[in-house]
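For reference, the structure discussed in these notes is given below.
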Amino acid sequence: MPSDVETWKDEVYGTAIREHVERFAERGWESIPEDERDAWFERFKWYGLYHQRAGQESYFMMRIGPPNGVLEPGQLRAVAELAREYATGPAENPEFGDGWLDVTTRQAIQLHWIRIEDVPAIFDALADAGLSTVQACGDSWRNIVGCPVAGKDEHEHVDALALTRELHDAFKRNEAHSNLPRKWKVSVTGCDEGCGQGDINDLAFEPAEKVVDGERVRGYNVRVGGGLARNEPRFAKDIDVFVTPERAVDVAGGISALFRDHGNRENRYAARMKFLVDEWGPERVREVLRAEYVDFDLEPAGEDLRSSYSYNAGGDGKGDHVGVHEQVDGNYYVGLNVLVGRIGAEEAVELAALAAEYGSGEVRLTQRQNVILTDVPGGNLDDLLAESLLDRYSPDPHPFQRGSIACTGTEFCSLSIVETKNRMVRFSRWLVENVDLPEGVADFHVHLSGCTASCAQPQIADVSLRGMKARKNGDPVEALDIGLGGGLGEDPQFASWVTERVPADEVPGAIRNLLENFAAERAGDETFREFVAARDDEELAALVEPEETDYEDPYMHNTKRTWYPYAEDDAMEASPAPASADGTSLPTDD
């Protein structure tokens with residue numbers, strides 16, 4: 001039996017959803033029948049709209065997914081102006097105020113507090129700027145990710161940006177690929193740093209070279225079945241296929257169609273490519289792809305050019321594109337650290353202005369929730385680096401802030417168990433002020449995910465944090481599981497979850513004690529990942545040592561049970577939602 005979601009999609013899906021969004025927008029929130037909301041909210045995701053959580057009825061998150069995170073001149077300003085006008089809610093965030101945008105771990109932008117009545121106007125403004133929310137969510141091709149400086153970086157083996165754009169053009173709004181069993185995440189990597197993070201995607205193109213018809217050519221090896229979600233992480237598996245850039249779109253379409261036809265549509269938990277690869281094995285995936293989905297012979301995998309990957313590799317190199325770097329054309333790009341990915345709307349407008357004044361106006365987004373200003377002439381660097389905005393969005397941040405990532409959390413997400421964004425900001429500041437990194441450690445990643453959905457990619461961090469609940473002194477409190485030693489690079493590995501349900505206010509002390517124990521017990525210049533890999537979970541758990549410190553966490557109560565964690569009165573019954581387009585509270589059946 002197909003799942004409820006499959007039944008809803010059979011009735012309305014894909015581009016047909018747009019007319020219904022506009023109909024509800026014209027008539028207002030209350031025109032969406034209450035007994036049909038689950039179905040419509042699921043369909044809306046195809047157009048990048050997620051309904052926010054309980055207590056925030058009538059408000060939506062909107063995701064905008066530029067391919068490879070490339071915002072062309074003027075596009076960041078357009079999004080910032082939309083955030084300023086529409087992404088404001090009934091309460092302020094104490095750290096970020098009201099009106100901001102979030103850079104995600106998939107090189108996209110999210111806006112919050114969006115009302116259905118405003119969506120058509122936002123769609124039109126995005127279209128005028130050359131942007132779209134199409135398939136930013138939903139069961140189809142998501143935003144294609146890759147190296148954020150593709151086409152400009154000296155470390156490239158093949159032009160990954162060209163393929164990313166070809167895939168985007170081929171499969172966005174493509175009816176044959178618009179209704180898949182679940183989300184479809186694709187990565188294209190052309191460089192030797194590996195910042196496309198292909199290992200954790202459903203479909204990954206990785207740089208390779210091979211002799212084809214007597215000529216040595218560069219292209220891609222193909223991997224499938226990666227992903228982090230829930231408690232079932234997988235690294236993508238090699239299916240022994242090499243493709244030239246000219247064949248890549250055909251192979252991508254074949255694998256997407258294979259998943260469309262054979263992926264699980266009865267159990268949404270099992271409806272991911274990683275589970276099909278588990279069931280079939282990479283060899284059968286290759287066999288069926290060749291026999292049923294492409295009309296040419298598949299070349300065996302070529303020489304792998306990914307062995308030197310440095311992105312999130314656990315060594316001393318940063319490899320995250322933060323800082324000042326020379327481009328292949330002699331200009332420079334400047335990577336700026338955006339703590340937990342959140343940028344105020346006014347600051348985003350200013351950032352767009354700096355990009356235009358000192359560079360080409362282009363801005364790029366990274367999978368570490370940061371931004372990059374490109375095409376800066378050398379003569380402009382000093383003036384750009386002297387701008388006061390770069391005090392907040394630094395090209396040279398402390399490693400604890402450079403390495404901090406957080407998902408949306410209970411601020412807006414119905415799946416999250418704990419508050420994340422403000423907590424990670426507080427964690428990082430406390431760590432900067434109170435913890436000395438061991439000698440030689442210049443890159444240290446701490447990722448905080450509010451639940452097991454892994455939007456903050458915790459399994460590939462040095463210290464992985466995952467939302468849970470616990471009791472402390474008899475009271476229920478927000479808590480975190482702690483994992484250690486994850487990362488990608490030449491030898492990717494998932495974090496080992498070694499300590500469970502640590503009260504959130506004891507986590508900074510645990511990280512400090514862990515690093516002190518690492519410094520005391522490491523062998524020579526052993527990296528943190530090497531240190532973790534050499535010990536079993538019991539040994540590692542003994543090194544964590546949760547501890548109360550002078551760190552104070554204001555979100556220890558159950559923020560999932562609030563209507564908004566930062567509201568002065570956060571009780572569910574105090575929620576102003578649902579609200580009309582002008583913010584006036586609407587009556588409910590309750």
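Here, A, B, ... name the chains of the structure tokens in the order displayed, residue numbers run from 1 inside each chain, and ligands are numbered from 1 in the same displayed order.
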Find the residues near stretch 531-539 of chain A: any atom within 12 Å, counting only C-alpha atoms, skip ones fewer than 3 places away on the same chain, and give them as a PyMOL selection string. chain A and resi 314-315+461-463+482-487+491-500+514-515+517-528+542-545
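Every residue of stretch 411-504 of chain A found in helix (DSSP H, G or I) when DSSP is run on the backbone appears here: Glu411, Lys421, Asn422, Arg423, Met424, Val425, Arg426, Phe427, Ser428, Arg429, Trp430, Leu431, Val432, Glu433, Asn434, Pro458, Gln459, Ile460 and Ala504 of chain A.
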Written file, previous selection with N, CA, C and O atoms, as a tab-separated table (two decimals), in the first residue's frame:
chain	number	residue	atom	x	y	z
A	411	GLU	N	13.22	26.53	17.47
A	411	GLU	CA	12.72	27.85	17.13
A	411	GLU	C	11.61	27.75	16.10
A	411	GLU	O	10.60	28.46	16.19
A	421	LYS	N	20.19	27.29	17.57
A	421	LYS	CA	20.95	28.42	17.01
A	421	LYS	C	21.57	29.29	18.11
A	421	LYS	O	22.79	29.51	18.13
A	422	ASN	N	20.75	29.82	18.99
A	422	ASN	CA	21.29	30.68	20.04
A	422	ASN	C	22.22	29.91	20.98
A	422	ASN	O	23.21	30.44	21.47
A	423	ARG	N	21.88	28.65	21.21
A	423	ARG	CA	22.72	27.83	22.09
A	423	ARG	C	24.11	27.65	21.48
A	423	ARG	O	25.12	27.76	22.19
A	424	MET	N	24.18	27.38	20.18
A	424	MET	CA	25.49	27.19	19.56
A	424	MET	C	26.30	28.47	19.56
A	424	MET	O	27.53	28.44	19.74
A	425	VAL	N	25.64	29.60	19.39
A	425	VAL	CA	26.33	30.89	19.49
A	425	VAL	C	26.94	31.03	20.89
A	425	VAL	O	28.11	31.42	21.04
A	426	ARG	N	26.16	30.71	21.92
A	426	ARG	CA	26.65	30.83	23.30
A	426	ARG	C	27.77	29.82	23.57
A	426	ARG	O	28.76	30.15	24.23
A	427	PHE	N	27.60	28.59	23.08
A	427	PHE	CA	28.66	27.60	23.23
A	427	PHE	C	29.97	28.13	22.66
A	427	PHE	O	31.03	28.07	23.30
A	428	SER	N	29.91	28.60	21.42
A	428	SER	CA	31.15	29.00	20.74
A	428	SER	C	31.82	30.17	21.45
A	428	SER	O	33.06	30.19	21.58
A	429	ARG	N	31.04	31.11	21.92
A	429	ARG	CA	31.63	32.25	22.62
A	429	ARG	C	32.29	31.82	23.93
A	429	ARG	O	33.37	32.30	24.27
A	430	TRP	N	31.63	30.91	24.65
A	430	TRP	CA	32.22	30.44	25.90
A	430	TRP	C	33.51	29.67	25.62
A	430	TRP	O	34.51	29.84	26.33
A	431	LEU	N	33.51	28.85	24.59
A	431	LEU	CA	34.70	28.07	24.26
A	431	LEU	C	35.86	28.99	23.87
A	431	LEU	O	37.01	28.76	24.27
A	432	VAL	N	35.58	30.03	23.08
A	432	VAL	CA	36.62	30.97	22.70
A	432	VAL	C	37.26	31.60	23.93
A	432	VAL	O	38.49	31.76	24.01
A	433	GLU	N	36.44	31.95	24.90
A	433	GLU	CA	36.93	32.67	26.08
A	433	GLU	C	37.58	31.75	27.13
A	433	GLU	O	38.38	32.22	27.94
A	434	ASN	N	37.24	30.47	27.11
A	434	ASN	CA	37.63	29.62	28.23
A	434	ASN	C	38.45	28.38	27.88
A	434	ASN	O	38.90	27.69	28.80
A	458	PRO	N	25.84	16.42	12.00
A	458	PRO	CA	26.68	16.18	13.18
A	458	PRO	C	27.61	14.99	13.04
A	458	PRO	O	28.68	14.96	13.65
A	459	GLN	N	27.24	14.00	12.23
A	459	GLN	CA	28.07	12.79	12.16
A	459	GLN	C	29.43	13.04	11.51
A	459	GLN	O	30.30	12.18	11.56
A	460	ILE	N	29.62	14.21	10.88
A	460	ILE	CA	30.91	14.48	10.24
A	460	ILE	C	31.60	15.66	10.91
A	460	ILE	O	32.24	16.48	10.26
A	504	ALA	N	22.36	20.24	28.75
A	504	ALA	CA	22.98	21.19	27.83
A	504	ALA	C	23.96	22.12	28.52
A	504	ALA	O	24.97	22.52	27.92
With only C-alpha atoms as the atoms that count, which of A:Gly194, A:Pro377, A:Gly361, A:Gly226 lies nearest to A:Ser310?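 So, comparing all the options, the nearest one is A:Gly194.
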Please provide as a PyMOL selection string all residues within 12 Å of stretch 92-97 of chain A, with the sequence filter that same-chain residues fewer than 4 positions apart are discarded (counting only C-alpha atoms). chain A and resi 84+87-88+101-102+112-113+339-347+411-412+421-426+554+564-570
Prev. selection, N, CA and C atoms, output as an mmCIF file, in the first residue's frame:
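Here's the written file selection-v8.cif:
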data_model
loop_
_atom_site.group_PDB
_atom_site.id
_atom_site.type_symbol
_atom_site.label_atom_id
_atom_site.label_comp_id
_atom_site.auth_asym_id
_atom_site.auth_seq_id
_atom_site.Cartn_x
_atom_site.Cartn_y
_atom_site.Cartn_z
ATOM 1 N N ARG A 84 13.670 41.462 4.772
ATOM 2 C CA ARG A 84 13.348 42.676 5.514
ATOM 3 C C ARG A 84 11.851 42.967 5.470
ATOM 4 N N ALA A 87 9.972 38.492 6.178
ATOM 5 C CA ALA A 87 10.424 37.475 7.126
ATOM 6 C C ALA A 87 10.547 38.042 8.532
ATOM 7 N N THR A 88 9.478 38.644 8.979
ATOM 8 C CA THR A 88 9.435 39.185 10.337
ATOM 9 C C THR A 88 8.253 38.560 11.067
ATOM 10 N N LEU A 101 17.997 36.033 7.382
ATOM 11 C CA LEU A 101 18.009 34.871 6.507
ATOM 12 C C LEU A 101 19.031 33.871 7.028
ATOM 13 N N ASP A 102 18.779 32.602 6.774
ATOM 14 C CA ASP A 102 19.667 31.532 7.225
ATOM 15 C C ASP A 102 20.326 30.865 6.024
ATOM 16 N N HIS A 112 12.054 32.789 7.361
ATOM 17 C CA HIS A 112 11.024 32.329 8.300
ATOM 18 C C HIS A 112 9.939 33.381 8.489
ATOM 19 N N TRP A 113 8.875 32.962 9.148
ATOM 20 C CA TRP A 113 7.713 33.810 9.426
ATOM 21 C C TRP A 113 7.010 34.282 8.145
ATOM 22 N N LEU A 339 28.401 32.898 11.715
ATOM 23 C CA LEU A 339 28.166 32.012 12.849
ATOM 24 C C LEU A 339 26.758 31.444 12.798
ATOM 25 N N VAL A 340 26.654 30.135 12.761
ATOM 26 C CA VAL A 340 25.425 29.332 12.618
ATOM 27 C C VAL A 340 24.597 29.731 11.399
ATOM 28 N N GLY A 341 25.200 30.434 10.449
ATOM 29 C CA GLY A 341 24.559 30.684 9.170
ATOM 30 C C GLY A 341 23.532 31.791 9.124
ATOM 31 N N ARG A 342 23.356 32.542 10.186
ATOM 32 C CA ARG A 342 22.268 33.525 10.232
ATOM 33 C C ARG A 342 22.787 34.940 9.998
ATOM 34 N N ILE A 343 22.145 35.647 9.054
ATOM 35 C CA ILE A 343 22.535 37.009 8.688
ATOM 36 C C ILE A 343 21.309 37.910 8.807
ATOM 37 N N GLY A 344 21.421 38.992 9.545
ATOM 38 C CA GLY A 344 20.336 39.960 9.629
ATOM 39 C C GLY A 344 20.044 40.552 8.262
ATOM 40 N N ALA A 345 18.780 40.866 8.003
ATOM 41 C CA ALA A 345 18.391 41.383 6.688
ATOM 42 C C ALA A 345 19.153 42.658 6.335
ATOM 43 N N GLU A 346 19.261 43.580 7.286
ATOM 44 C CA GLU A 346 19.979 44.827 7.008
ATOM 45 C C GLU A 346 21.451 44.551 6.732
ATOM 46 N N GLU A 347 22.032 43.605 7.473
ATOM 47 C CA GLU A 347 23.430 43.260 7.242
ATOM 48 C C GLU A 347 23.613 42.552 5.906
ATOM 49 N N GLU A 411 13.224 26.527 17.467
ATOM 50 C CA GLU A 411 12.723 27.853 17.130
ATOM 51 C C GLU A 411 11.608 27.752 16.098
ATOM 52 N N PHE A 412 11.769 26.851 15.109
ATOM 53 C CA PHE A 412 10.761 26.719 14.060
ATOM 54 C C PHE A 412 10.437 25.278 13.673
ATOM 55 N N LYS A 421 20.190 27.291 17.565
ATOM 56 C CA LYS A 421 20.951 28.419 17.010
ATOM 57 C C LYS A 421 21.573 29.290 18.106
ATOM 58 N N ASN A 422 20.749 29.824 18.994
ATOM 59 C CA ASN A 422 21.295 30.683 20.043
ATOM 60 C C ASN A 422 22.220 29.910 20.980
ATOM 61 N N ARG A 423 21.878 28.649 21.207
ATOM 62 C CA ARG A 423 22.718 27.829 22.088
ATOM 63 C C ARG A 423 24.113 27.651 21.480
ATOM 64 N N MET A 424 24.180 27.385 20.177
ATOM 65 C CA MET A 424 25.492 27.187 19.559
ATOM 66 C C MET A 424 26.296 28.469 19.562
ATOM 67 N N VAL A 425 25.637 29.602 19.389
ATOM 68 C CA VAL A 425 26.327 30.891 19.495
ATOM 69 C C VAL A 425 26.937 31.035 20.887
ATOM 70 N N ARG A 426 26.159 30.713 21.918
ATOM 71 C CA ARG A 426 26.649 30.828 23.297
ATOM 72 C C ARG A 426 27.767 29.825 23.570
ATOM 73 N N PRO A 554 20.143 29.600 28.970
ATOM 74 C CA PRO A 554 18.791 30.061 29.298
ATOM 75 C C PRO A 554 17.685 29.199 28.712
ATOM 76 N N TYR A 564 7.252 29.763 20.970
ATOM 77 C CA TYR A 564 8.477 30.341 20.434
ATOM 78 C C TYR A 564 9.450 30.452 21.602
ATOM 79 N N PRO A 565 10.609 29.794 21.535
ATOM 80 C CA PRO A 565 11.469 29.695 22.724
ATOM 81 C C PRO A 565 11.893 31.030 23.318
ATOM 82 N N TYR A 566 11.918 32.091 22.499
ATOM 83 C CA TYR A 566 12.478 33.357 22.958
ATOM 84 C C TYR A 566 11.412 34.394 23.307
ATOM 85 N N ALA A 567 10.155 34.009 23.203
ATOM 86 C CA ALA A 567 9.092 34.956 23.539
ATOM 87 C C ALA A 567 9.071 35.222 25.040
ATOM 88 N N GLU A 568 8.699 36.436 25.415
ATOM 89 C CA GLU A 568 8.626 36.772 26.838
ATOM 90 C C GLU A 568 7.649 35.858 27.556
ATOM 91 N N ASP A 569 6.521 35.600 26.922
ATOM 92 C CA ASP A 569 5.581 34.594 27.413
ATOM 93 C C ASP A 569 5.543 33.509 26.348
ATOM 94 N N ASP A 570 6.265 32.405 26.598
ATOM 95 C CA ASP A 570 6.419 31.393 25.543
ATOM 96 C C ASP A 570 5.435 30.236 25.666
#
Filtered DSSP result for stretch 60-135 of chain A, state strand (DSSP E), as a ChimeraX atom specification: /A:60-64,70-71,100-103,109-115
Keeping only N, CA and C atoms, write those residues as a PDB file, in the first residue's frame.
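Saved to again.pdb:
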ATOM      1  N   PHE A  60       5.174  30.066   7.624  1.00  0.00           N
ATOM      2  CA  PHE A  60       5.933  29.109   6.838  1.00  0.00           C
ATOM      3  C   PHE A  60       7.415  29.483   6.786  1.00  0.00           C
ATOM      4  N   MET A  61       8.233  28.463   6.582  1.00  0.00           N
ATOM      5  CA  MET A  61       9.618  28.659   6.175  1.00  0.00           C
ATOM      6  C   MET A  61       9.656  28.556   4.658  1.00  0.00           C
ATOM      7  N   MET A  62      10.426  29.421   4.017  1.00  0.00           N
ATOM      8  CA  MET A  62      10.615  29.363   2.574  1.00  0.00           C
ATOM      9  C   MET A  62      12.094  29.149   2.277  1.00  0.00           C
ATOM     10  N   ARG A  63      12.377  28.162   1.430  1.00  0.00           N
ATOM     11  CA  ARG A  63      13.760  27.854   1.057  1.00  0.00           C
ATOM     12  C   ARG A  63      14.003  28.242  -0.401  1.00  0.00           C
ATOM     13  N   ILE A  64      15.133  28.894  -0.614  1.00  0.00           N
ATOM     14  CA  ILE A  64      15.551  29.318  -1.950  1.00  0.00           C
ATOM     15  C   ILE A  64      16.849  28.594  -2.252  1.00  0.00           C
ATOM     16  N   VAL A  70      25.453  29.631  -5.817  1.00  0.00           N
ATOM     17  CA  VAL A  70      25.934  30.824  -6.513  1.00  0.00           C
ATOM     18  C   VAL A  70      24.807  31.851  -6.612  1.00  0.00           C
ATOM     19  N   LEU A  71      25.005  33.000  -5.958  1.00  0.00           N
ATOM     20  CA  LEU A  71      24.083  34.127  -6.063  1.00  0.00           C
ATOM     21  C   LEU A  71      24.711  35.148  -6.998  1.00  0.00           C
ATOM     22  N   TRP A 100      15.705  38.144   9.201  1.00  0.00           N
ATOM     23  CA  TRP A 100      17.027  37.657   8.857  1.00  0.00           C
ATOM     24  C   TRP A 100      16.885  36.487   7.883  1.00  0.00           C
ATOM     25  N   LEU A 101      17.997  36.033   7.382  1.00  0.00           N
ATOM     26  CA  LEU A 101      18.009  34.871   6.507  1.00  0.00           C
ATOM     27  C   LEU A 101      19.031  33.871   7.028  1.00  0.00           C
ATOM     28  N   ASP A 102      18.779  32.602   6.774  1.00  0.00           N
ATOM     29  CA  ASP A 102      19.667  31.532   7.225  1.00  0.00           C
ATOM     30  C   ASP A 102      20.326  30.865   6.024  1.00  0.00           C
ATOM     31  N   VAL A 103      21.650  30.762   6.057  1.00  0.00           N
ATOM     32  CA  VAL A 103      22.393  29.982   5.069  1.00  0.00           C
ATOM     33  C   VAL A 103      22.438  28.539   5.570  1.00  0.00           C
ATOM     34  N   ILE A 109      19.198  29.219   1.061  1.00  0.00           N
ATOM     35  CA  ILE A 109      18.792  30.262   2.004  1.00  0.00           C
ATOM     36  C   ILE A 109      17.387  29.950   2.490  1.00  0.00           C
ATOM     37  N   GLN A 110      17.151  30.133   3.784  1.00  0.00           N
ATOM     38  CA  GLN A 110      15.822  29.950   4.352  1.00  0.00           C
ATOM     39  C   GLN A 110      15.332  31.248   4.984  1.00  0.00           C
ATOM     40  N   LEU A 111      14.073  31.558   4.712  1.00  0.00           N
ATOM     41  CA  LEU A 111      13.389  32.686   5.334  1.00  0.00           C
ATOM     42  C   LEU A 111      12.290  32.133   6.231  1.00  0.00           C
ATOM     43  N   HIS A 112      12.054  32.789   7.361  1.00  0.00           N
ATOM     44  CA  HIS A 112      11.024  32.329   8.300  1.00  0.00           C
ATOM     45  C   HIS A 112       9.939  33.381   8.489  1.00  0.00           C
ATOM     46  N   TRP A 113       8.875  32.962   9.148  1.00  0.00           N
ATOM     47  CA  TRP A 113       7.713  33.810   9.426  1.00  0.00           C
ATOM     48  C   TRP A 113       7.010  34.282   8.145  1.00  0.00           C
ATOM     49  N   ILE A 114       7.057  33.449   7.110  1.00  0.00           N
ATOM     50  CA  ILE A 114       6.391  33.804   5.848  1.00  0.00           C
ATOM     51  C   ILE A 114       4.910  33.453   5.940  1.00  0.00           C
ATOM     52  N   ARG A 115       4.057  34.372   5.515  1.00  0.00           N
ATOM     53  CA  ARG A 115       2.606  34.136   5.506  1.00  0.00           C
ATOM     54  C   ARG A 115       2.173  33.706   4.109  1.00  0.00           C
TER      55      ARG A 115
END
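The space between atom CA of A:Ala479 and atom CA of A:Ala456 spans 16.4 Å.
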